[in-house]
$ cat work_34.txt   # compact mmCIF, C-alpha atoms
# COMPACT_ATOMS: atom_id res chain seq x y z
CA MET A 169 -45.41 248.69 -189.21
CA ILE A 170 -48.62 250.45 -188.21
CA TYR A 171 -50.66 247.97 -190.21
CA MET A 172 -48.95 244.95 -188.67
CA LYS A 173 -49.35 246.26 -185.14
CA VAL A 174 -53.07 246.85 -185.52
CA ARG A 175 -53.58 243.63 -187.44
CA LYS A 176 -51.95 241.49 -184.77
CA ILE A 177 -54.13 242.78 -181.92
CA PHE A 178 -57.18 244.43 -183.45
CA SER A 179 -58.20 247.39 -181.33
CA VAL A 180 -60.38 250.30 -182.30
CA THR A 181 -58.39 252.60 -180.03
CA ALA A 182 -55.06 251.44 -181.48
CA LEU A 183 -56.45 251.92 -184.99
CA PHE A 184 -57.55 255.47 -184.20
CA LEU A 185 -54.32 256.45 -182.43
CA SER A 186 -52.27 255.08 -185.32
CA LEU A 187 -54.29 256.67 -188.11
CA LEU A 188 -54.43 260.06 -186.40
CA PHE A 189 -50.86 260.68 -187.49
CA VAL A 190 -50.78 259.14 -190.95
CA SER A 191 -53.91 260.33 -192.74
CA CYS A 192 -56.84 262.69 -192.99
CA PHE A 193 -59.10 260.87 -190.59
CA GLY A 194 -62.23 261.47 -188.52
CA PHE A 195 -64.67 259.37 -186.55
CA ASP A 196 -68.00 259.41 -184.73
CA ALA A 197 -68.53 256.75 -182.06
CA GLU A 198 -71.79 256.37 -180.14
CA ILE A 199 -71.94 254.02 -177.16
CA GLU A 200 -75.44 253.12 -175.97
CA ILE A 201 -75.57 251.59 -172.50
CA ARG A 202 -78.21 248.91 -172.04
CA GLU A 203 -79.33 246.86 -169.05
CA ASN A 204 -77.73 243.75 -170.52
CA GLY A 205 -74.65 245.29 -172.16
CA ALA A 206 -73.95 247.97 -174.74
CA VAL A 207 -74.16 248.84 -178.43
CA LEU A 208 -71.41 250.61 -180.34
CA ASN A 209 -72.34 252.54 -183.49
CA LEU A 210 -69.17 253.63 -185.21
CA GLU A 211 -68.47 255.70 -188.32
CA TYR A 212 -64.99 256.61 -189.46
CA ARG A 213 -63.87 258.57 -192.49
CA VAL A 214 -60.44 258.19 -194.08
CA SER A 215 -59.08 260.00 -197.09
CA SER A 216 -59.47 257.64 -200.05
CA ARG A 217 -55.95 258.61 -201.10
CA LEU A 218 -54.60 256.71 -198.09
CA GLU A 219 -56.77 253.70 -198.88
CA GLU A 220 -55.41 253.67 -202.45
CA THR A 221 -51.77 253.67 -201.26
CA GLY A 222 -52.37 250.18 -199.92
CA LYS A 223 -53.07 248.98 -203.46
CA LEU A 224 -49.77 250.01 -205.01
CA ASP A 225 -46.93 247.71 -206.09
CA GLY A 226 -49.03 244.55 -206.11
CA ASN A 227 -49.99 245.03 -202.48
CA GLU A 228 -53.75 244.76 -202.91
CA GLN A 229 -54.10 241.86 -200.48
CA TRP A 230 -52.53 243.91 -197.67
CA PRO A 231 -54.54 247.15 -197.51
CA MET A 232 -53.43 250.04 -195.31
CA LEU A 233 -56.70 249.84 -193.38
CA PRO A 234 -57.15 246.54 -191.53
CA ALA A 235 -60.69 247.20 -190.31
CA GLY A 236 -62.76 245.63 -193.08
CA ARG A 237 -65.82 243.43 -192.56
CA ARG A 238 -63.71 240.31 -192.04
CA ASP A 239 -61.68 242.01 -189.30
CA PHE A 240 -64.84 242.87 -187.38
CA GLU A 241 -66.30 239.41 -187.98
CA ARG A 242 -63.14 237.72 -186.70
CA THR A 243 -63.00 239.97 -183.66
CA ALA A 244 -66.69 239.42 -182.86
CA ALA A 245 -66.15 235.66 -183.15
CA ARG A 246 -63.09 235.81 -180.87
CA LEU A 247 -64.69 237.94 -178.16
CA LYS A 248 -67.44 235.97 -176.45
CA GLY A 249 -70.58 238.05 -176.08
CA THR A 250 -69.93 240.22 -179.16
CA ARG A 251 -72.13 240.38 -182.26
CA LEU A 252 -71.67 242.31 -185.49
CA LYS A 253 -75.05 243.86 -186.30
CA SER A 254 -74.15 245.67 -189.51
CA PHE A 255 -71.21 246.81 -191.63
CA SER A 256 -70.93 249.06 -194.69
CA SER A 257 -68.08 250.79 -196.45
CA LYS A 258 -68.15 253.08 -199.47
CA ILE A 259 -66.39 255.99 -201.11
CA THR A 260 -68.18 259.29 -200.44
CA GLY A 261 -66.56 262.29 -202.06
CA ASN A 262 -62.86 262.07 -201.22
CA ASP A 263 -63.36 259.73 -198.24
CA LEU A 264 -63.72 256.04 -197.56
CA VAL A 265 -66.63 255.98 -195.08
CA THR A 266 -67.09 252.89 -192.90
CA ARG A 267 -70.08 252.33 -190.62
CA VAL A 268 -70.22 249.52 -188.09
CA SER A 269 -72.70 248.52 -185.39
CA LEU A 270 -71.89 245.93 -182.74
CA GLU A 271 -73.63 244.52 -179.66
CA PHE A 272 -71.84 243.54 -176.44
CA ASP A 273 -73.18 241.46 -173.56
CA SER A 274 -71.12 243.38 -171.00
CA MET A 275 -69.08 246.54 -170.54
CA GLU A 276 -65.98 244.41 -170.02
CA THR A 277 -66.43 242.91 -173.49
CA LEU A 278 -66.88 246.38 -175.00
CA VAL A 279 -63.65 247.53 -173.33
CA SER A 280 -61.80 244.48 -174.67
CA PHE A 281 -63.02 245.31 -178.17
CA LEU A 282 -62.09 248.98 -177.94
CA ASP A 283 -58.64 248.31 -176.50
CA ALA A 284 -57.33 244.77 -176.84
CA ALA A 285 -53.97 245.74 -175.33
CA GLY A 286 -55.61 247.18 -172.19
CA GLU A 287 -53.66 250.44 -172.35
CA ASP A 288 -56.09 253.19 -173.39
CA VAL A 289 -59.59 252.22 -172.22
CA SER A 290 -60.80 251.24 -168.75
CA TYR A 291 -64.12 250.72 -166.99
CA THR A 292 -65.01 250.70 -163.30
CA ALA A 293 -68.30 250.39 -161.44
CA ALA A 294 -68.58 251.08 -157.71
CA ASN A 295 -71.21 252.49 -155.35
CA GLY A 296 -73.70 252.99 -158.16
CA LYS A 297 -71.25 255.03 -160.27
CA ASN A 298 -69.89 253.90 -163.65
CA VAL A 299 -66.74 255.36 -165.18
CA LEU A 300 -65.46 254.70 -168.72
CA SER A 301 -62.06 256.25 -169.46
CA MET A 302 -60.76 256.55 -173.03
CA THR A 303 -57.42 258.00 -174.13
CA LEU A 304 -57.57 259.98 -177.38
CA LEU A 305 -54.08 261.47 -177.35
CA ARG A 306 -51.24 259.83 -175.43
CA ALA A 307 -48.93 262.85 -175.56
CA GLY A 308 -49.15 266.47 -176.56
CA GLY A 309 -49.27 267.19 -180.27
CA ALA A 310 -47.74 270.10 -182.16
CA PRO A 311 -47.23 273.45 -180.38
CA ARG A 312 -50.40 275.48 -180.06
CA GLY A 313 -49.02 278.29 -182.17
CA GLY A 314 -46.86 278.59 -185.23
CA GLU A 315 -46.63 276.88 -188.56
CA GLU A 316 -47.07 273.37 -187.15
CA ARG A 317 -50.56 274.09 -185.87
CA SER A 318 -51.55 275.86 -189.09
CA PHE A 319 -50.35 272.89 -191.15
CA ILE A 320 -52.22 270.33 -189.04
CA THR A 321 -55.41 272.41 -189.00
CA ALA A 322 -55.33 272.74 -192.78
CA ALA A 323 -54.45 269.08 -193.38
CA PHE A 324 -57.35 267.82 -191.23
CA GLU A 325 -59.92 270.44 -192.24
CA GLY A 326 -63.39 268.91 -192.34
CA TYR A 327 -62.48 265.96 -190.09
CA ALA A 328 -63.53 265.64 -186.44
CA ALA A 329 -63.37 263.28 -183.49
CA ALA A 330 -66.73 262.67 -181.81
CA ILE A 331 -67.60 260.26 -179.01
CA SER A 332 -70.88 260.09 -177.13
CA LEU A 333 -72.32 257.84 -174.43
CA LYS A 334 -76.08 257.39 -174.13
CA SER A 335 -77.36 256.55 -170.66
CA PRO A 336 -79.47 258.41 -168.08
CA GLY A 337 -77.33 261.00 -166.32
CA ALA A 338 -74.36 260.51 -168.64
CA ALA A 339 -71.62 263.15 -168.58
CA VAL A 340 -68.14 263.45 -170.05
CA VAL A 341 -65.11 265.41 -168.86
CA PRO A 342 -61.93 265.91 -170.96
CA ALA A 343 -58.90 265.34 -168.73
CA ASP A 344 -55.10 265.32 -169.05
CA GLY A 345 -54.66 261.66 -168.15
CA GLY A 346 -53.92 262.56 -164.55
CA GLY A 347 -57.47 263.50 -163.61
CA LYS A 348 -57.14 267.24 -164.22
CA ARG A 349 -59.88 268.76 -166.38
CA ILE A 350 -58.70 270.47 -169.56
CA ASP A 351 -60.24 272.83 -172.09
CA ILE A 352 -59.46 272.02 -175.72
CA PRO A 353 -59.88 274.86 -178.27
CA GLY A 354 -62.79 274.13 -180.60
CA ALA A 355 -64.14 271.25 -178.51
CA SER A 356 -67.81 270.84 -177.65
CA VAL A 357 -68.96 269.05 -174.48
CA THR A 358 -72.67 268.51 -173.92
CA GLY A 359 -73.90 265.94 -171.42
CA GLY A 360 -72.34 262.66 -172.47
CA ALA A 361 -71.20 263.91 -175.90
CA PHE A 362 -67.75 265.20 -176.88
CA SER A 363 -66.55 266.44 -180.27
CA VAL A 364 -63.54 268.36 -181.51
CA PRO A 365 -62.09 269.23 -184.94
CA MET A 366 -59.25 266.79 -185.60
CA GLY A 367 -56.78 269.62 -186.21
CA ASP A 368 -57.51 271.12 -182.78
CA LEU A 369 -57.11 267.73 -181.11
CA LEU A 370 -53.77 266.98 -182.74
CA SER A 371 -52.50 270.49 -181.99
CA PHE A 372 -53.27 270.23 -178.28
CA ASP A 373 -50.19 270.32 -176.07
CA SER A 374 -51.03 267.65 -173.47
CA PRO A 375 -52.51 264.13 -173.35
CA VAL A 376 -56.28 263.93 -173.79
CA THR A 377 -58.47 261.44 -171.93
CA LEU A 378 -62.26 261.37 -171.85
CA GLU A 379 -63.88 260.40 -168.54
CA PHE A 380 -67.49 259.26 -169.06
CA THR A 381 -69.67 258.84 -165.98
CA TRP A 382 -73.27 257.71 -165.52
$ encode --input "work_34.txt" --output "structure tokens"
Amino acid sequence: MIYMKVRKIFSVTALFLSLLFVSCFGFDAEIEIRENGAVLNLEYRVSSRLEETGKLDGNEQWPMLPAGRRDFERTAARLKGTRLKSFSSKITGNDLVTRVSLEFDSMETLVSFLDAAGEDVSYTAANGKNVLSMTLLRAGGAPRGGEERSFITAAFEGYAAAISLKSPGAAVVPADGGGKRIDIPGASVTGGAFSVPMGDLLSFDSPVTLEFTW
């Protein structure tokens, strides 16, 4: 069901939100703002054990991970003003590591790529101020204490979520989805860069939204 949902409307955000709860998964996304658009450099790491489960029972043609080169090529062709610059995917250690770089002619096109359903990413520009909002966690995860947190932390050890935006004066604020700033254990916020161990993110007890401004 997760595969079909993401496959029907390819969305990086939907892919991330889905995979967060089904695998050992981490990602590093860098958004570079340019005068005539933006560039997205994306790397995501998924346990190769998950990737192999998509090849069982004669199911090789329907892998668990929909975001192969052809997916990005089809999406770039569908979204006017989008170009796939590079793509690579290989097994490194116990992970399938995918690296993608794309160019966008406008912020609106970047937002459409990140969130085709229009539910988790938004962009506004007014009075010389730009705001890019991205939802990482729609609802609180496991309780902050107890066995649930310990299990999640151990299961996702070595995996992190990192998002950065490169533009003069860029800054990022983690918020609860309602505009209130939050502090996430283990998270690092520096200028326009945010990172957090995946176990700490999934153990947080409220929604998590990143508000980028520049």
$ residues_around --input "work_34.txt" --residues "Lys297 (chain A)" --least-positions-apart "6" --cutoff "12 Å" --atoms "all atoms listed in the file" --output "list in words"
Tyr291, Pro336, Gly337, Ala338, Ala339, Phe380, Thr381 and Trp382 of chain A
$ atom_distance --input "work_34.txt" --atom1 "CA of Met366 (chain A)" --atom2 "CA of Phe193 (chain A)"
7.7 Å
$ closest_residue --input "work_34.txt" --among "A:Val207, A:Cys192, A:Pro365, A:Ser257" --to "Met275 (chain A)" --atoms "only C-alpha atoms"
A:Val207
$ atom_distance --input "work_34.txt" --atom1 "CA of Ser215 (chain A)" --atom2 "CA of Ala322 (chain A)"
14.0 Å
$ residues_around --input "work_34.txt" --residues "Lys258 (chain A)" --least-positions-apart "6" --cutoff "10 Å" --atoms "all atoms listed in the file" --output "PyMOL selection string"
chain A and resi 213+216+264-267
$ closest_residue --input "work_34.txt" --among "A:Ile201, A:Ala307, A:Leu252, A:Ala284" --to "Asp373 (chain A)" --atoms "all atoms listed in the file"
A:Ala307
$ residues_around --input "work_34.txt" --residues "Asp368 (chain A)" --least-positions-apart "5" --cutoff "7 Å" --atoms "all atoms listed in the file" --output "PyMOL selection string"
chain A and resi 321+353-354
$ atom_distance --input "work_34.txt" --atom1 "CA of Val364 (chain A)" --atom2 "CA of Phe272 (chain A)"
26.7 Å
$ residues_near_point --input "work_34.txt" --point "(-75.7, 241.9, -168.5)" --cutoff "10 Å" --atoms "all atoms listed in the file" --output "PyMOL selection string"
chain A and resi 202-206+249+272-275
$ residues_around --input "work_34.txt" --residues "Gly236 (chain A)" --least-positions-apart "5" --cutoff "10 Å" --atoms "all atoms listed in the file" --output "list in words"
Pro231, Glu241, Phe255, Ser256, Ser257, Thr266 and Val268 of chain A
$ closest_residue --input "work_34.txt" --among "A:Ser363, A:Ser371, A:Ser301, A:Asn295" --to "Leu282 (chain A)" --atoms "all atoms listed in the file"
A:Ser301
$ closest_residue --input "work_34.txt" --among "A:Gly346, A:Asn209, A:Phe281, A:Ile320" --to "Asp239 (chain A)" --atoms "only C-alpha atoms"
A:Phe281
$ closest_residue --input "work_34.txt" --among "A:Val214, A:Ile331, A:Leu270, A:Val376" --to "Val357 (chain A)" --atoms "all atoms listed in the file"
A:Ile331
$ decode --input "work_34.txt" --residues "region 328-357 of chain A" --atoms "N, CA, C and O atoms" --output "compact mmCIF listing (two decimals), in the first residue's frame"
# COMPACT_ATOMS: atom_id res chain seq x y z
N ALA A 328 20.23 9.52 10.12
CA ALA A 328 19.85 10.88 10.52
C ALA A 328 19.01 11.52 9.44
O ALA A 328 18.98 11.09 8.28
N ALA A 329 18.30 12.57 9.84
CA ALA A 329 17.57 13.42 8.91
C ALA A 329 18.26 14.77 8.88
O ALA A 329 18.43 15.41 9.92
N ALA A 330 18.67 15.22 7.69
CA ALA A 330 19.37 16.50 7.57
C ALA A 330 18.81 17.27 6.39
O ALA A 330 18.68 16.72 5.28
N ILE A 331 18.46 18.53 6.62
CA ILE A 331 17.97 19.40 5.55
C ILE A 331 18.63 20.76 5.72
O ILE A 331 18.66 21.31 6.82
N SER A 332 19.16 21.28 4.63
CA SER A 332 19.78 22.60 4.69
C SER A 332 19.34 23.43 3.50
O SER A 332 19.02 22.90 2.43
N LEU A 333 19.31 24.74 3.70
CA LEU A 333 18.96 25.68 2.62
C LEU A 333 20.08 26.70 2.52
O LEU A 333 20.45 27.34 3.51
N LYS A 334 20.63 26.83 1.30
CA LYS A 334 21.76 27.73 1.06
C LYS A 334 21.27 28.98 0.34
O LYS A 334 20.81 28.92 -0.80
N SER A 335 21.33 30.10 1.05
CA SER A 335 20.98 31.40 0.50
C SER A 335 21.44 32.45 1.51
O SER A 335 21.44 32.18 2.71
N PRO A 336 21.84 33.63 1.06
CA PRO A 336 22.26 34.66 2.01
C PRO A 336 21.19 34.93 3.07
O PRO A 336 20.02 35.14 2.75
N GLY A 337 21.61 34.89 4.33
CA GLY A 337 20.68 35.17 5.42
C GLY A 337 19.74 34.04 5.77
O GLY A 337 18.79 34.25 6.55
N ALA A 338 19.98 32.85 5.24
CA ALA A 338 19.07 31.73 5.50
C ALA A 338 19.08 31.31 6.96
O ALA A 338 20.12 31.30 7.62
N ALA A 339 17.91 30.96 7.47
CA ALA A 339 17.77 30.46 8.84
C ALA A 339 16.65 29.43 8.86
O ALA A 339 15.76 29.46 8.01
N VAL A 340 16.70 28.52 9.82
CA VAL A 340 15.65 27.52 9.96
C VAL A 340 15.23 27.42 11.41
O VAL A 340 16.06 27.51 12.32
N VAL A 341 13.93 27.26 11.62
CA VAL A 341 13.36 27.12 12.96
C VAL A 341 12.48 25.88 12.99
O VAL A 341 11.54 25.76 12.20
N PRO A 342 12.76 24.91 13.89
CA PRO A 342 11.85 23.76 14.06
C PRO A 342 10.60 24.23 14.80
O PRO A 342 10.69 24.92 15.82
N ALA A 343 9.43 23.86 14.29
CA ALA A 343 8.17 24.29 14.90
C ALA A 343 7.23 23.10 15.02
O ALA A 343 7.46 22.02 14.45
N ASP A 344 6.13 23.30 15.76
CA ASP A 344 5.19 22.21 16.02
C ASP A 344 4.06 22.11 15.01
O ASP A 344 3.10 21.38 15.21
N GLY A 345 4.15 22.83 13.90
CA GLY A 345 3.10 22.82 12.92
C GLY A 345 2.09 23.93 13.13
O GLY A 345 1.31 24.26 12.23
N GLY A 346 2.12 24.52 14.32
CA GLY A 346 1.23 25.63 14.63
C GLY A 346 1.98 26.93 14.80
O GLY A 346 1.44 27.91 15.28
N GLY A 347 3.28 26.93 14.45
CA GLY A 347 4.08 28.13 14.54
C GLY A 347 4.89 28.26 15.82
O GLY A 347 5.70 29.18 15.95
N LYS A 348 4.71 27.35 16.77
CA LYS A 348 5.44 27.41 18.03
C LYS A 348 6.78 26.69 17.90
O LYS A 348 6.85 25.54 17.49
N ARG A 349 7.86 27.39 18.27
CA ARG A 349 9.19 26.80 18.19
C ARG A 349 9.32 25.64 19.17
O ARG A 349 8.79 25.69 20.28
N ILE A 350 10.04 24.59 18.73
CA ILE A 350 10.24 23.42 19.58
C ILE A 350 11.72 23.08 19.63
O ILE A 350 12.50 23.44 18.73
N ASP A 351 12.13 22.40 20.69
CA ASP A 351 13.49 21.90 20.83
C ASP A 351 13.43 20.38 20.80
O ASP A 351 12.78 19.75 21.64
N ILE A 352 14.13 19.79 19.84
CA ILE A 352 14.14 18.34 19.68
C ILE A 352 15.45 17.80 20.24
O ILE A 352 16.53 18.25 19.84
N PRO A 353 15.40 16.85 21.18
CA PRO A 353 16.63 16.28 21.73
C PRO A 353 17.54 15.75 20.62
O PRO A 353 17.09 15.06 19.71
N GLY A 354 18.81 16.10 20.68
CA GLY A 354 19.78 15.60 19.71
C GLY A 354 19.87 16.40 18.44
O GLY A 354 20.76 16.17 17.62
N ALA A 355 18.94 17.36 18.22
CA ALA A 355 18.92 18.11 16.97
C ALA A 355 19.97 19.21 16.97
O ALA A 355 20.33 19.76 18.01
N SER A 356 20.46 19.53 15.77
CA SER A 356 21.41 20.61 15.59
C SER A 356 20.81 21.62 14.60
O SER A 356 20.33 21.23 13.53
N VAL A 357 20.83 22.89 14.98
CA VAL A 357 20.32 23.96 14.12
C VAL A 357 21.39 25.03 14.00
O VAL A 357 21.77 25.64 14.99
